[in-house]
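Engineer: My questions will all concern the structure given below.
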Amino acid sequence: MRRVGLGNYPLGVATVLSGIQPTAAPHLGNYLGALRWWVEFQDAHDAYYCVVDLHALTVAGDPAELTRATTTMATLLLAAGLDPGRCTLFVQSHVPEHAELAWLLECTASMGELARMTQFKDKAARGGEGSARVGLFAYPVLMAADILLYDANLVPVGDDQRQHLELTRVLAQRWNTRYGQTFTVPEAAIAPPGKGARIMDLQDPRRKMSKTAGSPAGTVFLLDDPKTVEHKLKRAVTDTDPPGPGAVRWDPEHKPGVSNLVELLAALTGRQPEEVASSYQSYGRLKSDTAQAVIATLEPVQKRYRELSEDPGVVRSVLATGAERAREVASRTLARARQAIGLLPRQG
Ligand code: AMP
Ligand code: TRP
C-alpha cells in the first residue's frame, strides 16, 4: 500500500474513513492490517476514524465492558499514532446520523445480499442462525453508512473486510441510480500480499488472528508485555519440516505457520517476505527475531498509552471535538440522502 497514487488518488485529494470495534483489546492483525495505514493516511488525506461501538452491540457483551473498551480503544488509537490535529477521531454512536442513514440503506439492501456475507455466516453459525441478532445481519449496512456519510474515497481495512466494501459499493451505486447522485462510491485500501492484510493466529495459522474468535495464546495484543510476546512467539506453530536450507520460506498455502511469522517480521520491518525468509534457516531464530521486532513496535505505543491513561480528560476532549467535526459532515450528507429518497423536510 503506497501513500501516493493508491487507488489513483494523489496526495491530499482523497477522503479516508475507517472503523474498529471496541469488542476487546486490538491485536497485531488489527495493527498491521489496518491501524498503521490509518496513521499513514492521516498525513496524506482528509481522514476520519471511528470506534464503532454500535457494531459491537451485534454480539453479546457486558454494558460496562463496552463503555470501558470504547475508551481503551480510543486511547490506543491515539497511542498508536493518530493525531487529532491531522485526523478526526470519534465514537460512532456520538454521531446519530450513522444509525439513521443505516436505516435508509437497509431499505435498499436485500435479505439475499446480506445473507451471502461470509462474516455473518461465520458469526451466526457459532450461536445458531436463528438466534443471531438482527443487528448482526444488518451489520454491513451500518458499515456502509459509516463510509458513505463522509463521501470517503478510500477505506483502509484488512482483507477480511473486502466483501463488506464490495457491498458498500453496490449499495451506493444502486442508490445513486435509483434516487440520483448522492454518494461517493468508495474503494477498499487493502495492503498487498505479504504486507499484513491477513495476519493468522499463531496457534492455528489457517485461521485469522481475531479478537473474539481466535485463541488467546495465538493472538498478540497491543498491550501484551514483552515476556508475553516472547512466550507467544516461541510457542507459535510452525510445521513439521526439519529446519535447514529452504525450510524457512514464504509460502502461505503450504507453510502457513512459518509464512505468518515471516510476514509479521517483513511487515514490521518494511521488508519483502521473500527477502526475510531467505535470511533464516532455523525456526528458533525467526521466532526470536520476530518477537524482538514486535516488542520494539509495541513499546512506544504502550508507553504513550500509559501516559494518555493518566489523564482521561484528554481522550474525552479529543472525542468531543471529533464528534462535532464528524457531525458537521455527516449531517450534510444525511440531509442530501433524506431529500433524495423523498422524506418530507422538517420545517423550522
Ligand atoms: P475488527 O477487529 O474486526 O474491528 O477489525 C478492525 C480492522 O482490523 C479491520 O480493518 C480488519 O479488517 C482488520 N483486521 C482484523 N483482523 C485482522 C487480521 N488478522 N489481519 C489483518 N487485519 C485484520
Ligand atoms: N466491520 C469492520 C471490522 O469488523 C469495522 C468497521 C465498521 C469499519 N465500520 C467501518 C471498517 C467502516 C471500515 C469502515 O473490521
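Letters A, B, ... mark the chains of the C-alpha cells in the order given; residue numbers begin at 1 per chain; ligand numbers begin at 1, in order shown.
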Which residues are near ligand 1 in this structure, taking near to mean any atom at most 8 Å from a ligand atom and counting only C-alpha atoms and all ligand atoms? Format them as JSON, numbers by chain.

Structural biologist: {"A": [18, 19, 20, 21, 22, 23, 26, 27, 28, 29, 30, 31, 32, 33, 34, 35, 52, 156, 157, 158, 159, 160, 161, 196, 197, 198, 199, 200, 201, 208, 209, 210, 211]}

Engineer: Write out, as a CSV table (one decimal), in the first residue's frame, the residues just selected, with N, CA and C atoms.

Structural biologist:
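Result file is part_3.csv:
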chain,number,residue,atom,x,y,z
A,18,SER,N,-12.2,4.9,8.3
A,18,SER,CA,-12.2,3.5,8.7
A,18,SER,C,-12.7,3.4,10.1
A,19,GLY,N,-13.0,2.2,10.5
A,19,GLY,CA,-13.6,2.0,11.9
A,19,GLY,C,-13.0,0.7,12.5
A,20,ILE,N,-13.1,0.7,13.8
A,20,ILE,CA,-12.7,-0.5,14.5
A,20,ILE,C,-13.6,-0.8,15.7
A,21,GLN,N,-14.0,-2.0,15.9
A,21,GLN,CA,-14.9,-2.3,17.0
A,21,GLN,C,-14.2,-2.4,18.4
A,22,PRO,N,-14.9,-1.8,19.4
A,22,PRO,CA,-14.3,-1.9,20.7
A,22,PRO,C,-14.8,-3.2,21.4
A,23,THR,N,-14.5,-4.3,20.7
A,23,THR,CA,-15.0,-5.6,21.3
A,23,THR,C,-14.0,-6.2,22.3
A,26,PRO,N,-7.2,-4.5,20.9
A,26,PRO,CA,-6.8,-4.8,19.5
A,26,PRO,C,-5.5,-5.6,19.5
A,27,HIS,N,-5.2,-6.3,18.4
A,27,HIS,CA,-4.1,-7.2,18.3
A,27,HIS,C,-3.2,-6.8,17.1
A,28,LEU,N,-2.2,-7.6,16.9
A,28,LEU,CA,-1.2,-7.3,15.9
A,28,LEU,C,-1.8,-7.3,14.5
A,29,GLY,N,-2.8,-8.1,14.3
A,29,GLY,CA,-3.5,-8.2,13.0
A,29,GLY,C,-4.2,-6.9,12.7
A,30,ASN,N,-4.9,-6.3,13.7
A,30,ASN,CA,-5.5,-5.0,13.6
A,30,ASN,C,-4.5,-4.0,13.3
A,31,TYR,N,-3.4,-4.1,14.0
A,31,TYR,CA,-2.4,-3.0,13.8
A,31,TYR,C,-1.7,-3.1,12.4
A,32,LEU,N,-1.3,-4.3,12.0
A,32,LEU,CA,-0.6,-4.4,10.7
A,32,LEU,C,-1.6,-4.3,9.5
A,33,GLY,N,-2.8,-4.8,9.7
A,33,GLY,CA,-3.8,-4.8,8.6
A,33,GLY,C,-4.5,-3.5,8.4
A,34,ALA,N,-4.6,-2.7,9.5
A,34,ALA,CA,-5.4,-1.5,9.4
A,34,ALA,C,-4.7,-0.3,10.1
A,35,LEU,N,-4.5,-0.4,11.4
A,35,LEU,CA,-4.2,0.8,12.2
A,35,LEU,C,-2.9,1.6,11.6
A,52,VAL,N,-16.3,1.9,16.4
A,52,VAL,CA,-17.7,1.6,16.0
A,52,VAL,C,-18.4,0.8,17.2
A,156,PRO,N,-9.2,2.1,4.4
A,156,PRO,CA,-8.2,1.2,4.8
A,156,PRO,C,-8.7,0.1,5.8
A,157,VAL,N,-8.6,-1.2,5.3
A,157,VAL,CA,-9.1,-2.3,6.1
A,157,VAL,C,-8.3,-3.5,5.8
A,158,GLY,N,-8.4,-4.5,6.7
A,158,GLY,CA,-7.8,-5.8,6.5
A,158,GLY,C,-8.6,-6.6,5.4
A,159,ASP,N,-7.9,-7.6,4.9
A,159,ASP,CA,-8.5,-8.4,3.9
A,159,ASP,C,-9.9,-9.0,4.2
A,160,ASP,N,-10.2,-9.2,5.5
A,160,ASP,CA,-11.5,-9.8,5.8
A,160,ASP,C,-12.7,-8.9,5.5
A,161,GLN,N,-12.4,-7.6,5.3
A,161,GLN,CA,-13.5,-6.7,5.0
A,161,GLN,C,-13.8,-6.4,3.6
A,196,GLY,N,0.7,-7.8,5.6
A,196,GLY,CA,0.0,-7.8,6.8
A,196,GLY,C,-1.5,-7.6,6.7
A,197,ALA,N,-2.1,-7.8,5.5
A,197,ALA,CA,-3.5,-7.7,5.3
A,197,ALA,C,-4.3,-8.8,6.0
A,198,ARG,N,-3.6,-9.9,6.2
A,198,ARG,CA,-4.3,-11.0,6.9
A,198,ARG,C,-3.3,-11.8,7.8
A,199,ILE,N,-3.2,-11.3,9.0
A,199,ILE,CA,-2.3,-12.0,10.0
A,199,ILE,C,-3.0,-13.2,10.6
A,200,MET,N,-2.3,-14.3,10.7
A,200,MET,CA,-3.0,-15.5,11.1
A,200,MET,C,-2.7,-15.8,12.6
A,201,ASP,N,-3.6,-16.6,13.2
A,201,ASP,CA,-3.5,-17.0,14.6
A,201,ASP,C,-2.2,-17.8,14.8
A,208,LYS,N,-7.6,-16.6,10.9
A,208,LYS,CA,-7.0,-15.3,11.1
A,208,LYS,C,-6.9,-14.9,12.5
A,209,MET,N,-6.0,-14.1,12.9
A,209,MET,CA,-5.9,-13.6,14.3
A,209,MET,C,-7.1,-12.8,14.5
A,210,SER,N,-7.8,-13.1,15.6
A,210,SER,CA,-9.1,-12.4,15.8
A,210,SER,C,-9.3,-12.1,17.3
A,211,LYS,N,-9.9,-11.0,17.6
A,211,LYS,CA,-10.2,-10.5,18.9
A,211,LYS,C,-11.1,-11.5,19.6

Engineer: Can you tell me, as a ChimeraX atom specification, which residues in segment 95-343 of chain A count as alpha helix (DSSP H) by DSSP?

Structural biologist: /A:97-106,111-115,118-127,134-148,162-179,226-234,256-269,273-278,283-309,312-341

Engineer: Let me make sure I understand: among A:Leu343, A:Leu78, A:Ala102, A:Ile147, which one has the smallest atom-to-atom distance to ligand 2 if we use only C-alpha atoms and all ligand atoms?

Structural biologist: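 Among the listed residues, A:Ile147 lies closest to ligand 2.
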
Engineer: For Val258 of chain A, list every protein, DNA or RNA residue within 12 Å, evaluated using only C-alpha atoms, and leave out those in the same chain fewer than 5 positions away; present the list as a ChimeraX atom specification.

Structural biologist: /A:199-206,233,236-241,243,246-253,263-265,273-274,276-277,280-287,290

Engineer: Return as a PyMOL selection string the full set of residues in segment 34-189 of chain A whose backbone-based DSSP assignment is strand (DSSP E).

Structural biologist: chain A and resi 46-51+87-91+154-156+187-189

Engineer: Between atom CA of Ala80 of chain A and atom CA of Ala14 of chain A, measure the distance and give it in Å to one decimal.

Structural biologist: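 Here the two named atoms are 22.2 Å from each other.
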